[in-house]
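Pasted below: my_file31.txt, compact mmCIF, C-alpha atoms and all ligand atoms.
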```txt
# COMPACT_ATOMS: atom_id res chain seq x y z
CA MET A 216 50.91 72.45 -41.07
CA SER A 217 50.73 69.63 -43.59
CA SER A 218 48.07 66.96 -43.52
CA PHE A 219 48.29 63.27 -44.31
CA VAL A 220 46.06 60.38 -45.23
CA LEU A 221 47.25 56.91 -44.29
CA ARG A 222 45.54 54.98 -47.06
CA GLY A 223 44.40 51.44 -46.33
CA VAL A 224 45.91 51.34 -42.85
CA SER A 225 44.88 48.79 -40.23
CA VAL A 226 44.25 50.62 -36.97
CA LEU A 227 45.31 48.27 -34.17
CA GLY A 228 44.90 45.27 -36.45
CA GLY A 229 41.39 46.19 -37.63
CA ALA A 230 40.03 46.22 -41.21
CA PRO A 231 41.83 48.49 -43.70
CA THR A 232 40.67 52.09 -43.60
CA ASP A 233 41.87 55.63 -44.30
CA LEU A 234 43.24 57.56 -41.34
CA PHE A 235 43.37 61.34 -41.73
CA ILE A 236 45.80 63.62 -39.91
CA ARG A 237 45.10 67.33 -39.99
CA ASP A 238 46.34 70.19 -37.82
CA GLY A 239 48.09 67.75 -35.53
CA VAL A 240 45.06 65.64 -34.73
CA ILE A 241 43.22 62.62 -36.12
CA SER A 242 40.54 63.98 -38.39
CA SER A 243 37.53 62.68 -40.33
CA GLU A 244 38.89 64.24 -43.54
CA ALA A 245 41.93 66.11 -44.75
CA PRO A 246 41.70 67.98 -48.05
CA ASP A 247 44.95 68.23 -50.07
CA ALA A 248 46.56 65.70 -47.78
CA GLU A 249 49.82 63.98 -48.63
CA ILE A 250 48.94 60.35 -49.37
CA ILE A 251 50.88 57.61 -47.62
CA ASP A 252 50.24 54.12 -48.98
CA ALA A 253 49.66 52.22 -45.75
CA ALA A 254 48.25 48.99 -47.16
CA GLY A 255 49.46 46.14 -44.98
CA LEU A 256 50.66 48.53 -42.29
CA VAL A 257 49.34 48.68 -38.74
CA ALA A 258 48.80 51.97 -36.88
CA LEU A 259 49.45 51.99 -33.15
CA PRO A 260 49.28 54.89 -30.73
CA GLY A 261 52.82 56.23 -30.39
CA LEU A 262 54.77 54.11 -27.94
CA VAL A 263 55.54 55.50 -24.49
CA ASP A 264 58.69 54.41 -22.63
CA LEU A 265 58.68 54.84 -18.86
CA HIS A 266 62.39 53.98 -18.55
CA THR A 267 65.01 55.49 -20.86
CA HIS A 268 68.58 56.57 -20.14
CA LEU A 269 69.47 59.56 -22.31
CA ARG A 270 72.85 60.28 -20.61
CA GLU A 271 72.65 64.06 -21.00
CA PRO A 272 73.95 65.97 -19.13
CA GLY A 273 77.33 64.33 -18.53
CA ARG A 274 77.84 61.42 -20.89
CA GLU A 275 77.08 62.96 -24.26
CA ASP A 276 79.66 60.59 -25.75
CA ALA A 277 77.24 57.72 -25.02
CA GLU A 278 73.93 59.46 -25.88
CA THR A 279 72.33 62.88 -25.97
CA VAL A 280 68.74 63.90 -25.57
CA GLU A 281 68.69 64.44 -29.33
CA THR A 282 70.28 61.14 -30.41
CA GLY A 283 68.21 59.20 -27.88
CA SER A 284 65.07 61.00 -29.06
CA ARG A 285 65.86 60.03 -32.65
CA ALA A 286 66.41 56.40 -31.64
CA ALA A 287 63.07 56.53 -29.82
CA ALA A 288 61.19 57.94 -32.82
CA LEU A 289 62.73 55.27 -35.05
CA GLY A 290 61.51 52.68 -32.56
CA GLY A 291 57.94 54.01 -32.81
CA TYR A 292 57.99 56.07 -29.60
CA THR A 293 56.37 59.47 -29.17
CA ALA A 294 57.22 59.91 -25.48
CA VAL A 295 60.06 58.77 -23.25
CA PHE A 296 60.77 59.21 -19.56
CA ALA A 297 64.42 60.09 -19.00
CA MET A 298 66.07 58.48 -15.98
CA ALA A 299 67.78 60.68 -13.41
CA ASN A 300 71.22 59.01 -13.27
CA THR A 301 72.92 61.68 -15.33
CA SER A 302 75.94 63.76 -14.32
CA PRO A 303 75.01 65.99 -12.61
CA VAL A 304 72.16 63.87 -11.29
CA ALA A 305 68.65 65.11 -12.10
CA ASP A 306 67.92 65.87 -8.46
CA THR A 307 67.06 69.58 -8.76
CA ALA A 308 64.53 71.67 -10.65
CA GLY A 309 67.43 73.10 -12.68
CA VAL A 310 68.61 69.79 -14.10
CA VAL A 311 65.14 68.37 -14.85
CA GLU A 312 64.25 71.63 -16.59
CA GLN A 313 67.45 71.40 -18.64
CA VAL A 314 66.58 67.87 -19.82
CA TRP A 315 63.00 68.88 -20.52
CA ARG A 316 64.15 71.89 -22.56
CA LEU A 317 66.65 69.81 -24.54
CA GLY A 318 63.82 67.41 -25.35
CA ARG A 319 61.63 70.23 -26.61
CA GLU A 320 64.48 71.58 -28.74
CA ALA A 321 65.11 68.18 -30.32
CA GLY A 322 61.36 67.96 -30.97
CA LEU A 323 61.37 64.27 -31.92
CA VAL A 324 59.52 62.78 -28.94
CA ASP A 325 58.11 64.22 -25.74
CA VAL A 326 60.92 63.91 -23.21
CA GLN A 327 59.63 63.80 -19.65
CA PRO A 328 62.36 63.91 -17.01
CA ILE A 329 62.27 61.56 -14.04
CA GLY A 330 63.63 63.15 -10.87
CA ALA A 331 66.01 61.49 -8.44
CA VAL A 332 64.53 60.34 -5.11
CA THR A 333 67.69 61.11 -3.14
CA VAL A 334 70.40 63.75 -3.48
CA GLY A 335 73.06 62.49 -5.87
CA LEU A 336 71.36 59.04 -5.90
CA ALA A 337 73.33 58.53 -2.70
CA GLY A 338 70.39 57.14 -0.72
CA LYS A 339 71.00 59.45 2.22
CA GLN A 340 68.59 62.39 1.99
CA LEU A 341 65.53 63.19 -0.05
CA ALA A 342 66.05 65.34 -3.14
CA GLU A 343 63.93 68.44 -3.82
CA LEU A 344 60.92 66.42 -4.96
CA GLY A 345 58.47 69.30 -4.57
CA ALA A 346 60.63 71.75 -6.51
CA MET A 347 60.98 69.24 -9.37
CA ALA A 348 57.23 68.58 -9.34
CA THR A 349 56.37 72.27 -9.59
CA SER A 350 59.13 73.06 -12.11
CA ALA A 351 58.40 73.60 -15.81
CA ALA A 352 59.24 69.92 -16.31
CA GLY A 353 56.30 68.94 -14.06
CA VAL A 354 57.98 65.80 -12.71
CA ARG A 355 55.56 63.13 -11.48
CA ILE A 356 57.86 60.09 -11.37
CA PHE A 357 60.93 59.85 -9.16
CA SER A 358 63.58 57.14 -9.24
CA ASP A 359 67.14 56.48 -8.11
CA ASP A 360 67.36 53.88 -10.91
CA GLY A 361 70.77 52.33 -11.18
CA PHE A 362 70.56 52.22 -7.39
CA CYS A 363 67.92 50.98 -5.02
CA VAL A 364 66.39 53.25 -2.40
CA ALA A 365 67.51 50.69 0.13
CA ASP A 366 66.83 52.59 3.38
CA PRO A 367 63.23 51.71 4.34
CA ARG A 368 62.73 54.91 6.30
CA LEU A 369 63.79 57.04 3.34
CA MET A 370 61.58 54.99 1.03
CA ARG A 371 58.65 55.56 3.35
CA ARG A 372 59.30 59.31 3.45
CA ALA A 373 59.54 59.47 -0.35
CA LEU A 374 56.23 57.63 -0.75
CA GLU A 375 54.61 59.97 1.78
CA TYR A 376 55.98 63.06 0.08
CA VAL A 377 54.75 62.26 -3.43
CA LYS A 378 51.31 61.18 -2.23
CA ALA A 379 50.27 64.84 -1.96
CA PHE A 380 50.49 65.30 -5.75
CA ASP A 381 49.76 61.69 -6.79
CA GLY A 382 53.42 61.19 -7.70
CA ILE A 383 55.10 57.84 -8.11
CA ILE A 384 58.27 56.33 -6.71
CA ALA A 385 59.82 54.02 -9.32
CA GLN A 386 62.03 51.58 -7.50
CA HIS A 387 65.11 49.79 -8.83
CA ALA A 388 64.56 46.74 -6.61
CA GLU A 389 67.94 45.42 -5.53
CA GLU A 390 68.87 44.74 -1.92
CA PRO A 391 72.48 45.96 -2.11
CA ARG A 392 73.84 43.70 0.62
CA LEU A 393 72.66 40.66 -1.32
CA THR A 394 74.27 41.74 -4.60
CA GLU A 395 77.72 42.88 -3.52
CA GLY A 396 80.16 42.03 -6.29
CA ALA A 397 77.41 40.43 -8.37
CA GLN A 398 78.18 39.84 -12.04
CA MET A 399 75.20 37.85 -13.30
CA HIS A 400 72.12 35.89 -12.20
CA GLU A 401 72.88 33.55 -9.29
CA GLY A 402 72.17 30.04 -10.43
CA GLU A 403 73.51 27.05 -12.24
CA VAL A 404 75.23 29.08 -14.96
CA SER A 405 76.98 31.45 -12.52
CA THR A 406 78.26 28.44 -10.59
CA ARG A 407 79.58 26.88 -13.77
CA LEU A 408 81.27 30.12 -14.86
CA GLY A 409 82.57 30.96 -11.41
CA LEU A 410 80.99 34.43 -11.46
CA THR A 411 79.48 36.05 -8.36
CA GLY A 412 75.71 35.74 -8.47
CA TRP A 413 72.84 38.28 -8.15
CA PRO A 414 70.15 36.23 -6.43
CA ALA A 415 66.47 36.56 -7.35
CA VAL A 416 65.65 37.15 -3.68
CA ALA A 417 67.55 40.46 -3.72
CA GLU A 418 64.85 41.80 -6.05
CA GLU A 419 61.92 39.99 -4.48
CA ALA A 420 62.75 41.08 -0.92
CA ILE A 421 62.73 44.78 -1.89
CA ILE A 422 59.49 44.47 -3.87
CA ALA A 423 57.86 42.68 -0.91
CA ARG A 424 59.01 45.41 1.46
CA ASP A 425 57.99 48.23 -0.85
CA VAL A 426 54.48 46.96 -1.61
CA LEU A 427 53.94 46.82 2.17
CA LEU A 428 55.28 50.37 2.55
CA ALA A 429 53.13 51.60 -0.35
CA GLU A 430 50.12 49.90 1.21
CA HIS A 431 50.87 51.43 4.60
CA VAL A 432 51.27 54.92 3.18
CA GLY A 433 48.52 54.58 0.56
CA SER A 434 50.89 55.84 -2.09
CA ARG A 435 51.89 54.80 -5.59
CA LEU A 436 54.82 52.49 -6.25
CA HIS A 437 56.17 51.49 -9.64
CA VAL A 438 58.64 48.62 -9.90
CA CYS A 439 61.30 49.00 -12.56
CA HIS A 440 62.52 46.10 -14.73
CA VAL A 441 60.95 43.12 -12.93
CA SER A 442 63.08 40.10 -13.75
CA THR A 443 62.08 37.04 -11.71
CA ALA A 444 59.16 34.63 -11.39
CA GLY A 445 59.17 35.22 -7.63
CA SER A 446 58.73 38.98 -8.12
CA VAL A 447 55.67 38.25 -10.26
CA GLU A 448 54.12 36.32 -7.38
CA VAL A 449 54.79 39.13 -4.89
CA LEU A 450 53.19 41.62 -7.29
CA ARG A 451 50.22 39.35 -7.94
CA GLN A 452 49.45 39.12 -4.23
CA ALA A 453 49.91 42.86 -3.67
CA LYS A 454 47.60 43.73 -6.55
CA ALA A 455 44.99 41.26 -5.29
CA ARG A 456 45.04 43.17 -1.98
CA GLY A 457 44.54 46.47 -3.80
CA VAL A 458 48.03 47.92 -3.28
CA ARG A 459 48.68 50.82 -5.67
CA VAL A 460 51.59 49.17 -7.44
CA THR A 461 52.49 48.99 -11.13
CA ALA A 462 55.39 47.19 -12.75
CA GLU A 463 57.41 47.05 -15.93
CA VAL A 464 59.42 44.40 -17.77
CA THR A 465 62.11 45.04 -20.37
CA PRO A 466 62.16 43.49 -23.84
CA HIS A 467 65.47 41.77 -23.02
CA HIS A 468 64.07 40.09 -19.91
CA LEU A 469 61.22 38.79 -22.08
CA LEU A 470 63.57 37.17 -24.57
CA LEU A 471 67.11 36.50 -23.34
CA THR A 472 68.47 34.18 -20.62
CA ASP A 473 71.51 33.91 -18.36
CA GLU A 474 72.99 31.22 -20.64
CA LEU A 475 74.23 34.12 -22.81
CA ALA A 476 76.72 35.08 -20.08
CA ALA A 477 78.66 31.95 -20.99
CA SER A 478 79.94 33.89 -24.02
CA TYR A 479 81.58 36.36 -21.60
CA ASP A 480 80.46 39.04 -24.06
CA PRO A 481 79.68 42.10 -21.89
CA VAL A 482 76.92 43.12 -24.29
CA PHE A 483 74.82 40.64 -22.27
CA LYS A 484 75.70 42.22 -18.92
CA VAL A 485 72.73 44.13 -17.55
CA ASN A 486 71.20 45.04 -14.22
CA PRO A 487 69.04 43.26 -13.14
CA PRO A 488 70.78 40.41 -14.93
CA LEU A 489 69.32 38.10 -17.55
CA ARG A 490 67.54 35.30 -15.70
CA THR A 491 66.51 31.71 -16.46
CA ALA A 492 64.13 30.38 -19.10
CA SER A 493 61.47 29.74 -16.44
CA ASP A 494 61.71 33.37 -15.28
CA VAL A 495 61.30 34.48 -18.90
CA HIS A 496 58.22 32.30 -19.18
CA ALA A 497 56.71 33.74 -15.97
CA LEU A 498 57.40 37.32 -17.11
CA ARG A 499 55.65 36.73 -20.44
CA GLU A 500 52.60 35.25 -18.71
CA ALA A 501 52.54 38.13 -16.21
CA LEU A 502 52.65 40.71 -18.98
CA ILE A 503 49.78 39.04 -20.83
CA GLU A 504 47.75 38.77 -17.62
CA GLY A 505 48.47 42.35 -16.59
CA VAL A 506 50.28 41.51 -13.35
CA ILE A 507 53.13 43.30 -15.09
CA ASP A 508 51.53 46.42 -16.53
CA VAL A 509 53.96 47.65 -19.18
CA VAL A 510 57.03 47.04 -21.28
CA ALA A 511 59.76 49.63 -20.66
CA THR A 512 63.07 49.55 -22.50
CA ASP A 513 65.67 50.47 -19.85
CA HIS A 514 67.54 51.75 -22.93
CA ALA A 515 71.06 52.03 -21.45
CA PRO A 516 73.60 53.31 -23.97
CA HIS A 517 77.26 52.90 -23.05
CA ALA A 518 80.42 54.14 -24.73
CA VAL A 519 82.71 51.53 -26.30
CA GLU A 520 85.32 51.74 -23.54
CA ASP A 521 82.67 51.01 -20.91
CA LYS A 522 81.36 47.97 -22.74
CA GLU A 523 84.08 46.40 -24.86
CA CYS A 524 86.26 45.28 -21.99
CA GLU A 525 86.46 42.36 -19.58
CA TRP A 526 83.04 41.24 -18.26
CA ALA A 527 83.82 42.23 -14.67
CA TYR A 528 84.72 45.81 -15.65
CA ALA A 529 81.92 46.39 -18.14
CA ARG A 530 79.00 48.64 -17.23
CA PRO A 531 75.61 46.95 -17.13
CA GLY A 532 73.00 47.89 -19.71
CA MET A 533 71.87 47.53 -23.31
CA VAL A 534 70.34 49.86 -25.86
CA GLY A 535 66.73 49.03 -26.55
CA LEU A 536 64.64 51.80 -28.08
CA GLU A 537 65.09 50.76 -31.71
CA THR A 538 64.44 47.06 -31.15
CA ALA A 539 61.75 47.08 -28.43
CA LEU A 540 58.71 46.66 -30.65
CA PRO A 541 60.32 43.98 -32.86
CA VAL A 542 61.35 42.02 -29.75
CA VAL A 543 57.87 42.32 -28.24
CA LEU A 544 56.35 41.26 -31.58
CA SER A 545 58.58 38.20 -31.61
CA VAL A 546 57.46 37.36 -28.06
CA LEU A 547 53.73 38.15 -28.22
CA GLY A 548 52.99 37.82 -31.94
CA GLU A 549 50.63 40.23 -33.67
CA ARG A 550 48.38 40.86 -30.66
CA TRP A 551 48.01 44.53 -31.47
CA GLU A 552 45.52 45.46 -28.75
CA LEU A 553 47.76 43.90 -26.13
CA ILE A 554 50.88 45.53 -27.56
CA ALA A 555 49.20 48.97 -27.73
CA ASP A 556 48.05 48.54 -24.17
CA ARG A 557 51.36 47.46 -22.68
CA MET A 558 53.58 49.79 -24.71
CA SER A 559 51.45 52.92 -25.07
CA ARG A 560 48.09 53.17 -23.32
CA THR A 561 49.04 51.89 -19.89
CA PRO A 562 52.42 53.63 -19.63
CA ALA A 563 50.73 56.92 -20.59
CA LYS A 564 48.03 56.28 -18.01
CA ILE A 565 50.50 55.41 -15.24
CA ALA A 566 52.43 58.61 -15.92
CA GLY A 567 49.33 60.76 -16.34
CA LEU A 568 50.55 61.75 -19.79
CA THR A 569 47.69 63.18 -21.81
CA GLY A 570 47.57 63.04 -25.61
CA HIS A 571 49.57 59.81 -25.77
CA GLY A 572 48.28 56.26 -25.66
CA THR A 573 44.97 57.27 -27.22
CA ASP A 574 42.56 55.07 -29.19
CA LEU A 575 43.36 57.14 -32.33
CA ALA A 576 39.75 58.35 -32.54
CA VAL A 577 38.86 61.55 -34.41
CA GLY A 578 40.04 64.51 -32.37
CA SER A 579 42.93 62.69 -30.65
CA PRO A 580 46.40 64.21 -30.98
CA ALA A 581 48.10 62.44 -33.91
CA ASN A 582 50.76 60.64 -31.87
CA LEU A 583 51.09 57.34 -33.66
CA THR A 584 53.40 54.90 -35.33
CA LEU A 585 53.03 52.79 -38.47
CA VAL A 586 54.42 49.27 -38.41
CA ASP A 587 55.02 46.81 -41.23
CA PRO A 588 54.50 43.46 -39.48
CA SER A 589 55.52 41.42 -42.52
CA ALA A 590 59.05 42.89 -42.68
CA ARG A 591 62.02 41.07 -41.18
CA ARG A 592 65.17 42.89 -40.19
CA VAL A 593 68.64 41.71 -39.24
CA VAL A 594 69.84 43.99 -36.46
CA ASP A 595 73.02 45.79 -37.48
CA PRO A 596 74.57 47.85 -34.64
CA ALA A 597 76.15 50.17 -37.21
CA GLU A 598 72.68 51.25 -38.38
CA LEU A 599 71.40 52.33 -34.96
CA ALA A 600 70.62 56.01 -34.49
CA SER A 601 71.62 55.76 -30.86
CA ARG A 602 75.11 57.09 -30.23
CA SER A 603 75.98 53.77 -28.61
CA ARG A 604 76.12 50.32 -30.19
CA ASN A 605 75.60 47.97 -27.24
CA THR A 606 72.69 45.95 -28.61
CA PRO A 607 72.43 42.28 -27.62
CA TYR A 608 70.62 41.56 -30.90
CA ALA A 609 73.45 42.12 -33.42
CA GLY A 610 72.91 39.69 -36.27
CA THR A 611 69.52 38.59 -34.96
CA THR A 612 66.54 38.63 -37.32
CA LEU A 613 63.53 40.32 -35.73
CA PRO A 614 60.01 40.79 -37.10
CA GLY A 615 58.44 44.16 -37.85
CA ARG A 616 59.70 47.44 -39.16
CA ILE A 617 58.69 50.89 -37.99
CA VAL A 618 57.77 52.71 -41.20
CA ALA A 619 56.61 56.06 -39.86
CA THR A 620 56.09 57.89 -36.59
CA PHE A 621 54.07 61.07 -36.07
CA LEU A 622 54.35 63.47 -33.15
CA ARG A 623 51.26 65.70 -32.99
CA GLY A 624 50.76 65.21 -36.71
CA VAL A 625 54.35 65.99 -37.67
CA PRO A 626 56.32 63.05 -39.09
CA THR A 627 59.48 62.26 -37.14
CA VAL A 628 60.09 59.09 -39.17
CA LEU A 629 59.08 58.41 -42.80
CA ASP A 630 60.01 55.38 -44.93
CA GLY A 631 61.80 53.99 -41.89
CA LYS A 632 64.16 56.98 -41.78
CA ALA A 633 64.41 59.85 -39.34
CA VAL A 634 63.02 63.05 -40.84
CA LYS A 635 65.55 65.30 -39.06
O1 LIG B 701 71.62 47.73 -16.73
C1 LIG B 701 71.37 48.81 -16.23
N1 LIG B 701 71.87 49.96 -16.72
N2 LIG B 701 70.60 48.86 -15.13
C2 LIG B 701 70.41 50.00 -14.44
O2 LIG B 701 69.71 49.96 -13.45
C3 LIG B 701 71.09 51.24 -14.84
C4 LIG B 701 71.41 51.23 -16.26
C5 LIG B 701 72.38 52.29 -16.69
O3 LIG B 701 72.21 53.45 -16.29
O4 LIG B 701 73.29 51.99 -17.46
ZN ZN B 702 67.43 49.98 -12.97
```
structure tokens encoding of this file:
Amino acid sequence: MSSFVLRGVSVLGGAPTDLFIRDGVISSEAPDAEIIDAAGLVALPGLVDLHTHLREPGREDAETVETGSRAAALGGYTAVFAMANTSPVADTAGVVEQVWRLGREAGLVDVQPIGAVTVGLAGKQLAELGAMATSAAGVRIFSDDGFCVADPRLMRRALEYVKAFDGIIAQHAEEPRLTEGAQMHEGEVSTRLGLTGWPAVAEEAIIARDVLLAEHVGSRLHVCHVSTAGSVEVLRQAKARGVRVTAEVTPHHLLLTDELAASYDPVFKVNPPLRTASDVHALREALIEGVIDVVATDHAPHAVEDKECEWAYARPGMVGLETALPVVLSVLGERWELIADRMSRTPAKIAGLTGHGTDLAVGSPANLTLVDPSARRVVDPAELASRSRNTPYAGTTLPGRIVATFLRGVPTVLDGKAVK
């Protein structure tokens, strides 16, 4: 196994130093190492995404485990959690093991499958949570993402079930009766455009219910893609009471607003929808404070025919793996400790993922990414490694370039290009 020295690198924004990688781990020396000139570059622990849609099995025309893994590596990720809304749904040990195996074969990031909470994401009966947990994939996080586990009794049962093995229910918080026919955020812009609105309260009501259920059961709840200022307040109160709840925000909800829907370009259609500037402000503050624990991409690749059509018929979702860190850099600035915490350390901790999100001390597995913060890049959809092109940032200049990524000491990205 080859060894590397990252010469003159800044670890998490600290003074320039040499970082040695040998036999897959951070080392105090590495004889005969390949030298990488890392002057001006920042090393972060490899990013960990708790919310990625890889589309395999079923929609390999939109993404595969391999193409999504490559996009992840290029975005600085070393681990991603693959959502269960595939076809067939990842609601059995067989399907989660298939995804897990495909991830290992691609070998570009650690792919950890998320299991469905209910059979077929239909919200009617619990899936085989225990069988998925004890499978080779070792599933710890369960989610019906794309759909809300709307039935409170089923949600309670799911929380009770996973408590035995310290599992997590990751909720897509959307009260379905309040969002029937919804096309975008309900507010001034939706009124102006005459589009059916998705009210903030549809998210907030489910989060309020679920933190109470999690508190009652004493179990762990994770809230996917928090998008409103009101949700932040519900989470703040729950955390103050000691409820075992964690939450994520997407890069797009930290940057973009519902005004973009006025273009009628479906690239801006996403679920939950883009909200108002004051929501964006509250989400940023919550992330800095830690009321929102992590950034997760909700990378949602869609084939051209599902996206380049009339707004009402377009599928919701945007690709995000390759632009997440640049977007977060543009929002937070070069606060490397904060970025490492919200994009690597805390997501790894929430998921119980060892070897990722480390402090890059000697002996740690060499899962890391090298960023050039001085670079600027105009996002070109044609250059994305993802099989889909539905980025909302086409033509936008974003700061930061991922120069290299290492998975257990093996480079997956070098010179900003995928190694395989
Ligand atoms: O915008 C979204 N796209 N939100 C979801 O909850 C699901 C996702 C998808 O699977 O495309
Ligand atoms: Zn979702």
Next on the checklist: Quick one: residues within 8 Å of Lys454 of chain A, all atoms listed in the file, excluding same-chain residues fewer than 5 positions away - as a VMD selection string?
Outcome noted: chain A and resid 459 to 460 506
Next on the checklist: Please determine, counting only C-alpha atoms, which residue among A:Asn582, A:Thr491, A:Thr349, A:Thr279 has the shortest atom-to-atom distance to Arg560 of chain A.
Outcome noted: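 The shortest atom-to-atom distance to Arg560 of chain A comes from A:Asn582.
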Contacts of segment 523-532 of chain A within 6 Å, only C-alpha atoms, excl. fewer than 6 positions in-chain, as an mmCIF file with C-alpha atoms, keeping the file's coordinate frame:
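Done, and the output landed in part.cif:
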```
data_model
loop_
_atom_site.group_PDB
_atom_site.id
_atom_site.type_symbol
_atom_site.label_atom_id
_atom_site.label_comp_id
_atom_site.auth_asym_id
_atom_site.auth_seq_id
_atom_site.Cartn_x
_atom_site.Cartn_y
_atom_site.Cartn_z
ATOM 1 C CA PRO A 481 79.680 42.100 -21.890
ATOM 2 C CA LYS A 484 75.700 42.220 -18.920
ATOM 3 C CA VAL A 485 72.730 44.130 -17.550
ATOM 4 C CA ASN A 486 71.200 45.040 -14.220
ATOM 5 C CA ALA A 515 71.060 52.030 -21.450
#
```
Checklist entry - Which residue out of A:Val577, A:Ala337, A:Ala342, A:Leu489 has the minimum interatomic distance to ligand LIG 701 (chain B) when all atoms listed in the file are used? => result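 Nearest candidate to ligand LIG 701 (chain B) out of A:Val577, A:Ala337, A:Ala342, A:Leu489: A:Leu489.
Among the candidates A:Gly610, A:Gly330, A:Gly361, A:Gly223, the one nearest to ligand ZN 702 (chain B) when counting all atoms listed in the file is A:Gly361.
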Item to check | Using all atoms listed in the file: which of A:Leu256, A:Ala245, A:Leu622, A:Val441 has the shortest distance to Val509 of chain A | outcome: A:Val441
Next on the checklist: So that I can see what lies close to Asp252 of chain A, please list as a PyMOL selection string the residues with an atom at most 10 Å from it, counting all atoms listed in the file and leaving out residues fewer than 4 positions away in the same chain.
Outcome noted: chain A and resi 220-224+233+256
Next on the checklist: Which residues are near ligand LIG 701 (chain B) in this structure, taking near to mean any atom at most 10 Å from a ligand atom and counting all atoms listed in the file? Format them as a ChimeraX atom specification.
Outcome noted: /A:266-270,298-301,359-363,386-389,439-440,483-489,513-517,530-534
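Candidate residues A:Ala254, A:Ala385, A:Leu475, A:Leu227 were compared for distance to ligand ZN 702 (chain B), and the nearest is A:Ala385, using all atoms listed in the file.
If you measure from each of A:Asp366, A:Arg316, A:Arg355, A:Thr411 to Gly338 of chain A using only C-alpha atoms, the closest one turns out to be A:Asp366.
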Checklist entry - Got a sec: who's within 12 Å of Lys378 of chain A, counting all atoms listed in the file, leaving out chain neighbours fewer than 4 positions off, as a PyMOL selection string? => result chain A and resi 344-345+348+355-357+371-374+382-384+429-436+459
Item to check | Surrounding residues of Asp306 of chain A excluding itself and chain neighbours under 4 positions, 7 Å, all atoms listed in the file, as a ChimeraX atom specification | outcome: /A:310,330-331,334-335,342-343
Checklist entry - Taking (57.6, 49.9, -24.0) in the file's coordinates as the center, which residues reach within 10 Å of it, counting only C-alpha atoms, put as a count of residues only? => result 32
Item to check | Interatomic distance, atom CA of Ala417 of chain A to atom CA of Asp508 of chain A (Å, one decimal) | outcome: 21.4 Å
Checklist entry - If you measure from atom CA of Gly283 of chain A to atom CA of Phe235 of chain A, what distance in Å do you get, rounded to one decimal? => result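 Straight-line distance from atom CA of Gly283 of chain A to atom CA of Phe235 of chain A works out to 28.5 Å.
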Checklist entry - Which distance in Å separates atom CA of Gly322 of chain A and atom CA of Ile251 of chain A, to one decimal? => result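 So the answer is 22.2 Å.
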